[in-house]
file model.csv (CSV, C-alpha atoms)
chain,number,residue,atom,x,y,z
A,16,MET,CA,0.0,0.0,0.0
A,17,LYS,CA,1.1,3.6,-0.7
A,18,ILE,CA,0.2,6.5,1.5
A,19,LEU,CA,0.6,10.2,0.7
A,20,VAL,CA,1.2,12.3,3.8
A,21,PHE,CA,1.1,16.1,4.0
A,22,GLY,CA,1.5,18.5,6.9
A,23,ASP,CA,-0.1,21.7,8.1
A,24,CYS,CA,-1.8,23.9,5.5
A,25,HIS,CA,-3.2,26.6,7.8
A,26,TRP,CA,-5.9,27.4,5.3
A,27,SER,CA,-6.5,31.2,5.7
A,28,THR,CA,-7.1,34.3,3.8
A,29,TYR,CA,-3.8,36.0,4.9
A,30,SER,CA,-0.6,34.9,6.6
A,31,SER,CA,2.1,37.0,8.3
A,32,ILE,CA,2.9,40.0,6.1
A,33,LEU,CA,1.4,38.4,3.0
A,34,ARG,CA,-1.7,40.5,2.3
A,35,LYS,CA,-1.8,40.5,-1.5
A,36,ARG,CA,-4.9,39.8,-3.5
A,37,GLY,CA,-5.1,37.4,-6.4
A,38,SER,CA,-7.5,37.2,-9.3
A,39,LEU,CA,-10.3,35.5,-7.4
A,40,PHE,CA,-9.2,35.2,-3.8
A,41,SER,CA,-6.3,36.3,-1.7
A,42,TYR,CA,-2.9,35.4,-3.0
A,43,ARG,CA,-2.4,33.0,-0.1
A,44,LEU,CA,-5.7,31.2,-0.7
A,45,GLU,CA,-4.9,30.8,-4.4
A,46,ASN,CA,-1.5,29.5,-3.5
A,47,LEU,CA,-3.2,27.0,-1.1
A,48,ILE,CA,-5.6,25.9,-3.8
A,49,GLN,CA,-2.6,25.3,-6.2
A,50,SER,CA,-0.8,23.3,-3.5
A,51,MET,CA,-3.8,21.1,-2.7
A,52,ASN,CA,-4.6,20.4,-6.3
A,53,TRP,CA,-0.9,19.5,-6.7
A,54,VAL,CA,-1.2,17.1,-3.8
A,55,GLU,CA,-4.2,15.4,-5.3
A,56,GLU,CA,-2.5,15.1,-8.6
A,57,GLN,CA,0.6,13.6,-7.0
A,58,ALA,CA,-1.6,11.1,-5.2
A,59,LYS,CA,-3.1,9.9,-8.5
A,60,ASN,CA,0.2,9.9,-10.4
A,61,ASN,CA,1.9,7.8,-7.7
A,62,LYS,CA,-1.2,5.5,-7.4
A,63,VAL,CA,-1.5,5.9,-3.7
A,64,ASN,CA,-4.2,4.1,-1.7
A,65,LEU,CA,-4.5,6.6,1.2
A,66,ILE,CA,-4.0,10.3,1.8
A,67,VAL,CA,-3.3,11.6,5.3
A,68,GLY,CA,-3.4,15.2,6.5
A,69,LEU,CA,-1.4,15.6,9.7
A,70,GLY,CA,-3.6,18.3,11.2
A,71,ASP,CA,-4.1,22.1,11.1
A,72,PHE,CA,-5.5,21.9,7.6
A,73,PHE,CA,-7.3,25.1,8.7
A,74,ASP,CA,-5.7,28.0,10.6
A,75,LYS,CA,-8.6,28.5,13.0
A,76,GLU,CA,-11.8,26.8,14.2
A,77,ALA,CA,-14.1,29.3,12.4
A,78,LEU,CA,-13.8,30.1,8.7
A,79,ASN,CA,-14.8,33.3,6.8
A,80,SER,CA,-16.9,33.2,3.7
A,81,GLU,CA,-13.8,33.6,1.4
A,82,GLU,CA,-12.1,30.7,3.0
A,83,ILE,CA,-15.2,28.5,2.6
A,84,THR,CA,-15.8,29.5,-1.0
A,85,ALA,CA,-12.1,28.8,-1.9
A,86,LEU,CA,-12.4,25.2,-0.8
A,87,LYS,CA,-14.7,24.6,-3.8
A,88,GLU,CA,-11.7,25.1,-6.1
A,89,ILE,CA,-9.9,22.0,-4.8
A,90,ASN,CA,-10.2,19.0,-7.2
A,91,TRP,CA,-10.5,16.3,-4.6
A,92,SER,CA,-9.7,12.8,-5.7
A,93,ASN,CA,-11.8,9.7,-4.8
A,94,ILE,CA,-8.9,8.3,-2.8
A,95,GLU,CA,-9.6,7.7,0.9
A,96,HIS,CA,-8.6,10.7,3.0
A,97,HIS,CA,-7.8,10.9,6.8
A,98,PHE,CA,-7.6,14.3,8.5
A,99,LEU,CA,-6.2,14.7,12.0
A,100,ILE,CA,-7.6,17.5,14.0
A,101,GLY,CA,-4.8,20.0,15.0
A,102,ASN,CA,-4.6,22.6,17.7
A,103,HIS,CA,-5.4,25.5,15.4
A,104,GLU,CA,-8.7,24.2,14.1
A,105,MET,CA,-10.3,23.1,17.3
A,106,GLY,CA,-12.4,25.4,19.6
A,107,ARG,CA,-13.2,25.3,23.3
A,108,ASN,CA,-10.4,22.8,23.8
A,109,ASP,CA,-12.7,20.2,22.3
A,110,LEU,CA,-11.7,17.9,19.5
A,111,PHE,CA,-15.4,17.5,18.6
A,112,TYR,CA,-15.7,21.2,17.8
A,113,SER,CA,-13.6,21.9,14.8
A,114,SER,CA,-13.6,23.5,11.4
A,115,THR,CA,-12.4,20.2,10.0
A,116,TYR,CA,-15.9,18.9,10.1
A,117,ILE,CA,-16.8,21.0,7.1
A,118,PHE,CA,-15.3,18.1,5.1
A,119,ASN,CA,-18.5,16.2,4.4
A,120,LYS,CA,-17.4,13.6,1.8
A,121,SER,CA,-17.9,9.9,1.9
A,122,ASN,CA,-14.2,9.2,1.4
A,123,PHE,CA,-13.1,11.6,4.1
A,124,TYR,CA,-12.4,10.5,7.7
A,125,ILE,CA,-12.0,13.0,10.6
A,126,GLU,CA,-9.7,11.6,13.3
A,127,ASN,CA,-10.7,13.4,16.5
A,128,GLY,CA,-9.2,11.0,19.0
A,129,PRO,CA,-6.4,8.4,19.3
A,130,ILE,CA,-7.6,5.5,17.0
A,131,VAL,CA,-6.1,2.5,15.3
A,132,ARG,CA,-7.1,1.4,11.8
A,133,GLN,CA,-5.8,-1.9,10.8
A,134,HIS,CA,-5.2,-2.6,7.1
A,135,LYS,CA,-5.1,-6.4,6.8
A,136,GLU,CA,-4.0,-6.6,3.2
A,137,SER,CA,-0.9,-4.6,3.8
A,138,LYS,CA,-0.5,-5.8,7.5
A,139,ILE,CA,-0.3,-2.3,8.8
A,140,ASN,CA,-1.5,-0.7,12.1
A,141,ALA,CA,-2.3,2.9,11.1
A,142,VAL,CA,-2.4,4.9,14.4
A,143,PHE,CA,-3.9,8.4,14.3
A,144,LEU,CA,-3.0,10.8,17.1
A,145,PRO,CA,-4.7,14.2,16.7
A,146,TYR,CA,-3.7,17.0,19.0
A,147,ILE,CA,-3.4,15.7,22.6
A,148,LEU,CA,-5.2,17.9,25.1
A,149,ASN,CA,-3.4,16.4,28.1
A,150,PRO,CA,0.4,16.8,27.4
A,151,ASP,CA,1.3,15.5,30.9
A,152,LYS,CA,0.0,12.1,30.0
A,153,SER,CA,2.8,9.9,28.7
A,154,PHE,CA,3.0,8.8,25.1
A,155,LEU,CA,2.8,5.1,26.1
A,156,GLU,CA,-0.7,5.7,27.6
A,157,TYR,CA,-2.0,6.9,24.3
A,158,VAL,CA,-0.6,4.2,22.1
A,159,LYS,CA,-1.8,0.6,22.3
A,160,THR,CA,1.0,-2.1,22.3
A,161,PHE,CA,0.3,-4.6,19.6
A,162,SER,CA,1.0,-8.3,20.2
A,163,ASP,CA,0.8,-9.2,16.5
A,164,THR,CA,4.4,-8.7,15.4
A,165,ASN,CA,3.4,-9.5,11.8
A,166,TYR,CA,1.8,-6.0,11.6
A,167,LYS,CA,3.9,-2.9,11.2
A,168,THR,CA,2.8,0.1,13.2
A,169,VAL,CA,2.9,3.5,11.6
A,170,ILE,CA,1.8,6.5,13.7
A,171,PHE,CA,0.4,9.7,12.2
A,172,SER,CA,0.5,12.6,14.7
A,173,HIS,CA,-0.1,16.3,15.3
A,174,ASN,CA,1.8,16.8,18.6
A,175,ASP,CA,4.8,18.3,20.4
A,176,ILE,CA,8.0,16.2,20.6
A,177,ALA,CA,10.4,17.1,23.4
A,178,GLY,CA,13.7,18.6,22.3
A,179,ILE,CA,12.6,19.5,18.8
A,180,GLN,CA,13.3,22.9,17.2
A,181,MET,CA,10.2,25.1,16.9
A,182,GLY,CA,11.4,28.2,15.0
A,183,LYS,CA,13.8,30.0,17.3
A,184,PHE,CA,12.9,27.8,20.3
A,185,VAL,CA,13.3,24.2,21.3
A,186,SER,CA,10.2,22.3,22.5
A,187,LYS,CA,10.5,21.6,26.3
A,188,SER,CA,7.4,19.5,26.5
A,189,GLY,CA,5.8,16.8,24.4
A,190,PHE,CA,6.3,13.1,23.6
A,191,ASP,CA,9.6,11.5,24.5
A,192,ILE,CA,11.5,10.3,21.4
A,193,LYS,CA,12.6,7.0,23.2
A,194,ASP,CA,9.0,6.2,24.0
A,195,ILE,CA,8.0,6.8,20.4
A,196,GLU,CA,10.6,4.5,19.0
A,197,GLU,CA,9.6,1.7,21.4
A,198,CYS,CA,6.0,1.8,20.2
A,199,CYS,CA,6.2,1.9,16.4
A,200,ASP,CA,8.1,1.2,13.2
A,201,LEU,CA,7.6,4.7,11.9
A,202,PHE,CA,6.3,8.0,13.5
A,203,ILE,CA,5.3,10.8,11.1
A,204,ASN,CA,4.5,14.1,12.8
A,205,GLY,CA,2.9,17.4,11.8
A,206,HIS,CA,2.4,20.4,14.1
A,207,LEU,CA,6.1,21.4,14.2
A,208,HIS,CA,6.7,23.3,10.9
A,209,ASN,CA,10.4,22.7,10.5
A,210,GLY,CA,10.6,19.4,8.7
A,211,GLU,CA,13.5,17.1,9.6
A,212,LYS,CA,14.4,13.5,10.0
A,213,ILE,CA,14.8,13.2,13.8
A,214,THR,CA,15.8,9.5,13.9
A,215,ASP,CA,15.4,6.6,11.5
A,216,ARG,CA,11.9,6.1,12.9
A,217,VAL,CA,10.8,9.6,13.8
A,218,ILE,CA,10.1,12.0,11.0
A,219,ASN,CA,8.8,15.6,11.4
A,220,LEU,CA,7.3,16.3,8.0
A,221,GLY,CA,6.8,20.0,8.5
A,222,ASN,CA,4.1,22.0,6.8
A,223,LEU,CA,2.9,21.9,3.2
A,224,THR,CA,3.0,25.6,2.5
A,225,GLY,CA,4.9,28.4,4.3
A,226,GLN,CA,3.1,30.3,6.9
A,227,ASN,CA,5.5,32.7,8.7
A,228,PHE,CA,9.1,33.7,9.4
A,229,SER,CA,9.7,30.9,11.9
A,230,GLU,CA,10.2,28.7,8.9
A,231,ASP,CA,13.6,29.4,7.4
A,232,ALA,CA,13.4,28.6,3.8
A,233,TYR,CA,17.2,28.3,3.6
A,234,LYS,CA,17.1,25.4,6.1
A,235,TYR,CA,13.7,23.8,5.5
A,236,SER,CA,11.6,22.8,2.5
A,237,HIS,CA,7.9,22.1,2.2
A,238,ASN,CA,7.4,18.5,1.2
A,239,ILE,CA,4.9,15.7,0.9
A,240,MET,CA,5.8,12.1,1.7
A,241,ILE,CA,5.0,9.1,-0.4
A,242,LEU,CA,5.2,6.1,1.9
A,243,ASP,CA,5.5,2.4,0.8
A,244,THR,CA,4.1,0.4,3.6
A,245,LYS,CA,5.7,-2.9,2.4
A,246,THR,CA,9.2,-1.6,3.0
A,247,LEU,CA,8.5,1.6,5.1
A,248,GLU,CA,10.7,3.4,2.6
A,249,TYR,CA,9.5,6.9,1.6
A,250,GLU,CA,10.1,9.7,-0.8
A,251,LEU,CA,9.9,13.4,-0.1
A,252,ILE,CA,8.7,15.6,-2.9
A,253,GLU,CA,9.0,19.4,-2.6
A,254,ASN,CA,5.8,21.5,-3.1
A,255,PRO,CA,6.6,23.7,-6.1
A,256,TYR,CA,3.9,26.2,-5.0
A,257,ALA,CA,5.0,26.7,-1.4
A,258,ILE,CA,5.5,30.1,0.0
A,259,ASN,CA,9.1,30.5,1.2
A,260,PHE,CA,9.9,32.8,4.1
A,261,TYR,CA,13.4,34.3,4.5
A,262,ARG,CA,15.0,36.6,7.1
A,263,LEU,CA,17.8,38.4,5.3
A,264,ASP,CA,20.6,40.5,7.0
A,265,ALA,CA,22.1,43.1,4.8
A,266,VAL,CA,23.9,44.8,7.7
A,267,ASN,CA,26.6,42.2,8.1
A,268,HIS,CA,26.7,40.6,4.7
A,269,THR,CA,25.2,40.9,1.2
A,270,PRO,CA,22.2,38.7,0.6
A,271,ASN,CA,22.1,36.7,-2.6
A,272,PHE,CA,18.6,37.2,-4.2
A,273,ALA,CA,19.5,34.7,-6.9
A,274,SER,CA,19.4,31.9,-4.3
A,275,LEU,CA,15.8,32.7,-3.3
A,276,LYS,CA,13.1,30.1,-4.2
A,277,LYS,CA,9.9,31.2,-6.0
A,278,ASN,CA,7.2,32.7,-3.9
A,279,ALA,CA,9.7,34.3,-1.6
A,280,VAL,CA,8.5,36.5,1.3
A,281,ILE,CA,11.3,38.3,2.9
A,282,THR,CA,12.2,40.5,5.9
A,283,LEU,CA,15.4,42.4,5.1
A,284,ARG,CA,17.4,44.3,7.7
A,285,CYS,CA,19.7,47.0,6.4
A,286,MET,CA,21.3,50.4,7.2
A,287,GLU,CA,19.2,53.5,6.6
A,288,LYS,CA,21.7,54.8,3.9
A,289,ASP,CA,21.2,51.6,1.9
A,290,SER,CA,17.5,51.2,2.2
A,291,ASP,CA,16.6,52.8,-1.1
A,292,GLY,CA,19.0,50.6,-3.0
A,293,TRP,CA,17.7,47.5,-1.4
A,294,ALA,CA,14.1,48.5,-2.0
A,295,GLU,CA,14.9,48.8,-5.7
A,296,ASP,CA,16.7,45.4,-5.8
A,297,ILE,CA,13.6,43.8,-4.1
A,298,LYS,CA,11.3,45.4,-6.7
A,299,ASN,CA,13.4,43.9,-9.5
A,300,CYS,CA,13.6,40.4,-8.1
A,301,PRO,CA,11.0,38.2,-9.8
A,302,ASN,CA,11.0,35.5,-7.0
A,303,ILE,CA,10.0,38.0,-4.2
A,304,ILE,CA,6.2,38.3,-3.8
A,305,GLU,CA,6.2,40.3,-0.6
A,306,SER,CA,8.7,42.1,1.5
A,307,ARG,CA,9.4,44.1,4.6
A,308,ILE,CA,12.5,46.3,5.3
A,309,LEU,CA,13.8,46.8,8.8
A,310,ILE,CA,16.0,49.9,8.8
A,311,GLU,CA,18.8,50.4,11.3
A,312,ARG,CA,20.4,53.8,11.8
A,313,GLU,CA,24.2,54.2,11.9
A,314,VAL,CA,25.7,54.5,15.4
A,315,LEU,CA,28.0,57.5,15.4
A,316,PRO,CA,31.1,57.9,17.7
A,317,LYS,CA,30.4,59.8,20.9
A,318,GLU,CA,32.2,62.9,19.8
A,319,SER,CA,30.2,63.0,16.6
A,320,VAL,CA,26.9,62.5,18.5
A,321,ASP,CA,27.7,65.3,20.9
A,322,SER,CA,28.7,67.6,18.1
A,323,ALA,CA,25.5,66.8,16.2
A,324,LYS,CA,23.4,67.4,19.2
A,325,ASP,CA,24.9,70.8,19.9
A,326,GLY,CA,24.3,71.8,16.3
A,327,LEU,CA,20.7,70.6,16.4
A,328,VAL,CA,19.9,72.3,19.7
A,329,SER,CA,21.4,75.6,18.6
A,330,ASP,CA,19.5,75.6,15.3
A,331,HIS,CA,16.2,74.6,16.8
A,332,ILE,CA,16.3,77.1,19.6
A,333,SER,CA,17.2,79.9,17.3
A,334,GLU,CA,14.3,79.0,14.9
A,335,PHE,CA,11.9,78.6,17.9
A,336,LYS,CA,12.9,82.1,19.3
A,337,LYS,CA,12.5,83.7,15.9
A,338,TYR,CA,9.1,82.1,15.4
A,339,VAL,CA,7.8,83.3,18.8
A,340,THR,CA,9.1,86.8,18.5
A,341,GLU,CA,7.7,87.2,15.0
A,342,THR,CA,4.3,85.8,16.1
A,343,LEU,CA,3.9,87.4,19.6
A,344,GLY,CA,6.3,90.4,19.3
A,345,ALA,CA,9.6,91.0,21.3
A,346,SER,CA,8.1,92.5,24.4
A,347,ASP,CA,10.0,92.1,27.7
A,348,ILE,CA,7.7,89.5,29.1
A,349,VAL,CA,7.9,87.4,25.9
A,350,LEU,CA,11.7,87.6,26.0
A,351,GLU,CA,11.8,86.7,29.7
A,352,GLU,CA,9.6,83.6,29.1
A,353,LEU,CA,11.6,82.6,26.1
A,354,GLU,CA,14.8,82.7,28.2
A,355,GLU,CA,13.1,80.5,30.9
A,356,VAL,CA,11.8,78.0,28.4
A,357,CYS,CA,15.0,77.7,26.4
A,358,LYS,CA,17.4,77.2,29.4

call {"tool": "encode", "arguments": {"input": "model.csv", "output": "structure tokens"}}
result
Amino acid sequence: MKILVFGDCHWSTYSSILRKRGSLFSYRLENLIQSMNWVEEQAKNNKVNLIVGLGDFFDKEALNSEEITALKEINWSNIEHHFLIGNHEMGRNDLFYSSTYIFNKSNFYIENGPIVRQHKESKINAVFLPYILNPDKSFLEYVKTFSDTNYKTVIFSHNDIAGIQMGKFVSKSGFDIKDIEECCDLFINGHLHNGEKITDRVINLGNLTGQNFSEDAYKYSHNIMILDTKTLEYELIENPYAINFYRLDAVNHTPNFASLKKNAVITLRCMEKDSDGWAEDIKNCPNIIESRILIEREVLPKESVDSAKDGLVSDHISEFKKYVTETLGASDIVLEELEEVCK
């Protein structure tokens, strides 16, 4: 059996600084439509038997009208789909209250609690672990130990894993990697957007499309997984429509715009004197779809700062005195008040 797995989509009208409009919907929604149609096409081309979404297909538990309408543009296949409920798409801390239930198709299954689905033909225990509401409970308490050693166990999850990189931070809570490896042959996780192979058995797939600047596109790509359950070997295929977020530092070195992937969204830090030049370079780079420039002012030596301050104070006070005397006249009381104010 072949299984296509994809991570968090965070279906939403806008994302981070990306606020552009497309031809029918927002740029982000049109990008998500392209990405999901590509996923369905990949599933058919690779003749997969099952498609698994690892949670947070939606960015929140309630959808606006544009987000709902845009869903109609996805060309869903007739392949069996399983969607885990993620933390973003559930409301009231309740897995039974989620935007995921908008999927009302006969070949769609919403996984709202730890569940095992056995596939006898392929001899696979497919374990689905949506977002766990009680993180203090151990991983072993959630996962059944199978006595039938002829069945391989593959776990699909949307949860924290202790010690895993989350943007700039490392997750301090979550499932223990040693516990995970004891319970299964392969563990495929969503939720944490930075995709990486943690161990031979534990894979953090990452998200399907870029969402924010915590995802460094220089380090991480946005992939789907094609898993062969006979061998537990898999192939990662990069999403060509993904939005790629970059933080660029032009203060300490010169960024190479030629290395940016398509659909690049950038934050660039530069000195004030260079900002106009960088703005022009960004405008001329075809791969950049949205940008933000963070400007830093040059730090002057103390002597230069003191000198500049003296000049500014002198000029401003003279201009202020001139304005007041021209407006109110140069009477004794006005001049006395000016001297007091300008001390």

call {"tool": "atom_distance", "arguments": {"input": "model.csv", "atom1": "CA of Glu104 (chain A)", "atom2": "CA of Cys24 (chain A)"}}
result
11.0 Å

call {"tool": "closest_residue", "arguments": {"input": "model.csv", "among": "A:Lys138, A:Lys152, A:Lys62, A:Lys277", "to": "Glu305 (chain A)", "atoms": "all atoms listed in the file"}}
result
A:Lys277

call {"tool": "closest_residue", "arguments": {"input": "model.csv", "among": "A:Cys198, A:Leu251, A:Leu33, A:Leu343", "to": "Gly210 (chain A)", "atoms": "only C-alpha atoms"}}
result
A:Leu251

call {"tool": "residues_around", "arguments": {"input": "model.csv", "residues": "region 272-274 of chain A", "least_positions_apart": "2", "cutoff": "8 Å", "atoms": "all atoms listed in the file", "output": "PyMOL selection string"}}
result
chain A and resi 270+276+300

call {"tool": "write_last_selection", "arguments": {"input": "model.csv", "atoms": "C-alpha atoms", "output": "mmCIF file, in the coordinates of the input"}}
result
data_model
loop_
_atom_site.group_PDB
_atom_site.id
_atom_site.type_symbol
_atom_site.label_atom_id
_atom_site.label_comp_id
_atom_site.auth_asym_id
_atom_site.auth_seq_id
_atom_site.Cartn_x
_atom_site.Cartn_y
_atom_site.Cartn_z
ATOM 1 C CA PRO A 270 22.200 38.700 0.600
ATOM 2 C CA LYS A 276 13.100 30.100 -4.200
ATOM 3 C CA CYS A 300 13.600 40.400 -8.100
#

call {"tool": "atom_distance", "arguments": {"input": "model.csv", "atom1": "CA of Ala294 (chain A)", "atom2": "CA of Ser50 (chain A)"}}
result
29.3 Å

call {"tool": "residues_around", "arguments": {"input": "model.csv", "residues": "Lys75 (chain A)", "least_positions_apart": "2", "cutoff": "7 Å", "atoms": "all atoms listed in the file", "output": "list of chain:residue names"}}
result
A:Phe73, A:Ala77, A:Leu78, A:His103, A:Glu104

call {"tool": "closest_residue", "arguments": {"input": "model.csv", "among": "A:Ala257, A:Ile147, A:Val67, A:Leu283", "to": "Asn122 (chain A)", "atoms": "all atoms listed in the file"}}
result
A:Val67

call {"tool": "residues_around", "arguments": {"input": "model.csv", "residues": "Thr84 (chain A)", "least_positions_apart": "5", "cutoff": "12 Å", "atoms": "all atoms listed in the file", "output": "list in words"}}
result
Trp26, Ser27, Thr28, Leu39, Phe40, Ser41, Leu44, Glu45, Ile48, Leu78, Asn79, Ile89 and Ile117 of chain A

call {"tool": "closest_residue", "arguments": {"input": "model.csv", "among": "A:Ala58, A:Leu309, A:Val158, A:Ile218", "to": "Leu263 (chain A)", "atoms": "all atoms listed in the file"}}
result
A:Leu309

call {"tool": "closest_residue", "arguments": {"input": "model.csv", "among": "A:Ser121, A:Asn299, A:Ser188, A:Asn219", "to": "Ser172 (chain A)", "atoms": "only C-alpha atoms"}}
result
A:Asn219

call {"tool": "atom_distance", "arguments": {"input": "model.csv", "atom1": "CA of Ile179 (chain A)", "atom2": "CA of Asp264 (chain A)"}}
result
25.4 Å

call {"tool": "closest_residue", "arguments": {"input": "model.csv", "among": "A:Asn254, A:Lys120, A:Val131, A:Gly37", "to": "Glu56 (chain A)", "atoms": "all atoms listed in the file"}}
result
A:Asn254

call {"tool": "residues_around", "arguments": {"input": "model.csv", "residues": "Lys167 (chain A)", "least_positions_apart": "4", "cutoff": "8 Å", "atoms": "all atoms listed in the file", "output": "mmCIF file with C-alpha atoms, in the frame of the given file"}}
result
data_model
loop_
_atom_site.group_PDB
_atom_site.id
_atom_site.type_symbol
_atom_site.label_atom_id
_atom_site.label_comp_id
_atom_site.auth_asym_id
_atom_site.auth_seq_id
_atom_site.Cartn_x
_atom_site.Cartn_y
_atom_site.Cartn_z
ATOM 1 C CA LYS A 138 -0.500 -5.800 7.500
ATOM 2 C CA ILE A 139 -0.300 -2.300 8.800
ATOM 3 C CA ASN A 140 -1.500 -0.700 12.100
ATOM 4 C CA CYS A 199 6.200 1.900 16.400
ATOM 5 C CA ASP A 200 8.100 1.200 13.200
#

call {"tool": "residues_around", "arguments": {"input": "model.csv", "residues": "region 239-243 of chain A", "least_positions_apart": "6", "cutoff": "6 Å", "atoms": "all atoms listed in the file", "output": "list in words"}}
result
Lys17, Ile18, Leu19, Val20, Phe21, Tyr249, Glu250, Leu251 and Ile252 of chain A
